[in-house]
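Asker: File run.txt below, compact mmCIF, C-alpha atoms:
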# COMPACT_ATOMS: atom_id res chain seq x y z
CA MET A 225 4.17 -35.87 -7.61
CA THR A 226 2.21 -32.68 -8.28
CA ASP A 227 4.08 -29.50 -9.13
CA THR A 228 2.78 -26.82 -6.73
CA SER A 229 4.91 -23.95 -7.99
CA PRO A 230 2.89 -21.17 -9.65
CA SER A 231 3.08 -20.75 -13.41
CA GLU A 232 4.87 -17.77 -14.97
CA GLU A 233 1.52 -16.45 -16.17
CA PHE A 234 0.15 -16.61 -12.62
CA VAL A 235 3.19 -14.80 -11.22
CA ARG A 236 2.98 -12.10 -13.91
CA GLY A 237 -0.72 -11.64 -13.12
CA GLN A 238 0.01 -11.23 -9.43
CA GLU A 239 2.73 -8.67 -10.13
CA ALA A 240 0.46 -6.71 -12.49
CA GLU A 241 -2.34 -6.71 -9.91
CA ARG A 242 0.04 -5.49 -7.19
CA GLU A 243 1.18 -2.65 -9.45
CA ARG A 244 -2.42 -1.64 -10.24
CA PHE A 245 -3.36 -1.67 -6.57
CA ALA A 246 -0.21 0.29 -5.63
CA GLU A 247 -1.19 2.94 -8.20
CA TYR A 248 -4.69 3.07 -6.72
CA LEU A 249 -3.26 3.59 -3.23
CA ALA A 250 -0.83 6.26 -4.47
CA HIS A 251 -3.74 8.13 -6.07
CA PHE A 252 -5.72 8.18 -2.82
CA GLU A 253 -2.63 9.04 -0.79
CA ALA A 254 -2.03 12.11 -2.96
CA GLY A 255 -5.68 13.14 -2.65
CA SER A 256 -5.61 12.79 1.13
CA ARG A 257 -2.40 14.83 1.37
CA ARG A 258 -4.00 17.54 -0.78
CA MET A 259 -7.10 17.56 1.45
CA ALA A 260 -4.86 17.73 4.54
CA ASP A 261 -3.10 20.78 3.09
CA GLU A 262 -6.47 22.41 2.39
CA ALA A 263 -8.06 21.44 5.74
CA GLU A 264 -9.69 24.19 7.72
CA SER A 265 -9.44 22.45 11.08
CA GLU A 266 -6.68 20.58 12.86
CA GLU A 267 -8.93 17.54 13.27
CA SER A 268 -9.54 17.35 9.53
CA ARG A 269 -5.84 17.81 8.78
CA VAL A 270 -4.89 15.01 11.18
CA TYR A 271 -7.59 12.71 9.80
CA GLN A 272 -6.52 13.20 6.18
CA THR A 273 -2.84 12.85 7.07
CA THR A 274 -3.60 9.58 8.86
CA ILE A 275 -5.40 8.25 5.78
CA ALA A 276 -2.50 9.33 3.55
CA ASN A 277 0.05 7.66 5.82
CA SER A 278 -2.02 4.46 5.83
CA MET A 279 -2.23 4.45 2.04
CA ASN A 280 1.54 4.94 1.88
CA ALA A 281 2.22 2.06 4.28
CA MET A 282 -0.12 -0.29 2.40
CA ARG A 283 1.44 0.65 -0.94
CA ARG A 284 4.93 0.03 0.41
CA ALA A 285 3.84 -3.30 1.91
CA ILE A 286 2.34 -4.44 -1.38
CA LYS A 287 5.52 -3.54 -3.21
CA GLY A 288 7.61 -5.34 -0.58
CA GLY A 289 9.27 -2.35 1.02
CA PHE A 290 7.58 -2.11 4.39
CA HIS A 291 6.17 -4.23 7.15
CA TRP A 292 4.82 -2.87 10.41
CA GLN A 293 6.98 -5.37 12.26
CA ASP A 294 10.07 -6.03 10.13
CA GLY A 295 11.48 -8.36 12.78
CA TRP A 296 9.01 -11.08 11.81
CA ARG A 297 11.21 -12.05 8.86
CA GLU A 298 14.13 -12.86 11.10
CA LYS A 299 12.22 -15.36 13.26
Go ahead and render the structure in this file as structure tokens.
Answerer:
Amino acid sequence: MTDTSPSEEFVRGQEAERERFAEYLAHFEAGSRRMADEAESEESRVYQTTIANSMNAMRRAIKGGFHWQDGWREK
């Protein structure tokens, strides 16, 4: 029978890649929040805030702390 469980090296690689991507998202979240603070129009502020909130949600999802529909795990 074939062992289908991932190797430790594979798991470590996935975790490292998640961390790198989470850092990338945090960087762009911070930039969008800064641009929202500096926005000259309400439309621009809302747009940048929406991007920042999206980056935050994706980062949390990647790290396992958020899902747009948490109830899915209970089904």
Asker: Which one is closest to Arg284 in chain A: A:Asp261, A:Arg242, A:Tyr271, A:Ser229? Count all atoms listed in the file.
Answerer: A:Arg242
Asker: Need the shell around Thr273 in chain A: protein/DNA/RNA residues with any atom at most 7 Å away, counting all atoms listed in the file. Skip same-chain ones fewer than 2 positions apart. Format as a list in words?
Answerer: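 Answer for this query is Ser256, Arg257, Ala260, Arg269, Val270, Tyr271, Ile275, Ala276 and Asn277 of chain A.
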Asker: If I take CA of Leu249 in chain A and CA of Ser231 in chain A, how far is one from the other in Å, to one decimal?
Answerer: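 These two atoms are separated by 27.1 Å.
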Asker: Would you list the residues near (1.4, 4.4, 5.1) (no more than 12 Å away, in the coordinates of the file, using all atoms listed in the file) as a PyMOL selection string?
Answerer: chain A and resi 246+249-250+252-254+256-257+272-286+289-292
Asker: Taking C-alpha atoms for each residue, export the selection above as a PDB file, in the frame of the given file.
Answerer:
ATOM      1  CA  ALA A 246      -0.210   0.290  -5.630  1.00  0.00           C
ATOM      2  CA  LEU A 249      -3.260   3.590  -3.230  1.00  0.00           C
ATOM      3  CA  ALA A 250      -0.830   6.260  -4.470  1.00  0.00           C
ATOM      4  CA  PHE A 252      -5.720   8.180  -2.820  1.00  0.00           C
ATOM      5  CA  GLU A 253      -2.630   9.040  -0.790  1.00  0.00           C
ATOM      6  CA  ALA A 254      -2.030  12.110  -2.960  1.00  0.00           C
ATOM      7  CA  SER A 256      -5.610  12.790   1.130  1.00  0.00           C
ATOM      8  CA  ARG A 257      -2.400  14.830   1.370  1.00  0.00           C
ATOM      9  CA  GLN A 272      -6.520  13.200   6.180  1.00  0.00           C
ATOM     10  CA  THR A 273      -2.840  12.850   7.070  1.00  0.00           C
ATOM     11  CA  THR A 274      -3.600   9.580   8.860  1.00  0.00           C
ATOM     12  CA  ILE A 275      -5.400   8.250   5.780  1.00  0.00           C
ATOM     13  CA  ALA A 276      -2.500   9.330   3.550  1.00  0.00           C
ATOM     14  CA  ASN A 277       0.050   7.660   5.820  1.00  0.00           C
ATOM     15  CA  SER A 278      -2.020   4.460   5.830  1.00  0.00           C
ATOM     16  CA  MET A 279      -2.230   4.450   2.040  1.00  0.00           C
ATOM     17  CA  ASN A 280       1.540   4.940   1.880  1.00  0.00           C
ATOM     18  CA  ALA A 281       2.220   2.060   4.280  1.00  0.00           C
ATOM     19  CA  MET A 282      -0.120  -0.290   2.400  1.00  0.00           C
ATOM     20  CA  ARG A 283       1.440   0.650  -0.940  1.00  0.00           C
ATOM     21  CA  ARG A 284       4.930   0.030   0.410  1.00  0.00           C
ATOM     22  CA  ALA A 285       3.840  -3.300   1.910  1.00  0.00           C
ATOM     23  CA  ILE A 286       2.340  -4.440  -1.380  1.00  0.00           C
ATOM     24  CA  GLY A 289       9.270  -2.350   1.020  1.00  0.00           C
ATOM     25  CA  PHE A 290       7.580  -2.110   4.390  1.00  0.00           C
ATOM     26  CA  HIS A 291       6.170  -4.230   7.150  1.00  0.00           C
ATOM     27  CA  TRP A 292       4.820  -2.870  10.410  1.00  0.00           C
TER      28      TRP A 292
END
Asker: What does the distance between CA of Glu267 in chain A and CA of Gly255 in chain A come to in Å, to one decimal place?
Answerer: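 Between these atoms lies a distance of 16.8 Å.
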Asker: Could you work out how far CA of Val235 in chain A lies from CA of Tyr248 in chain A, giving the answer in Å with one decimal?
Answerer: 20.0 Å
Asker: Excluding same-chain residues fewer than 5 positions from Glu239 in chain A, what lies within 12 Å of it counting only C-alpha atoms, as a list in words?
Answerer: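 Residues meeting the cut-off are Glu232, Glu233, Phe234, Arg244, Phe245, Ala246, Ile286, Lys287 and Gly288 of chain A.
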Asker: How big is the axis-aligned box around the listed atoms of range 271-286 of chain A once 4 Å is added on each side, and where is its centre? Give both in Å to one decimal, as lines of an AutoDock Vina configuration file.
Answerer:
center_x = -1.3
center_y = 4.4
center_z = 4.2
size_x = 20.5
size_y = 25.6
size_z = 19.2
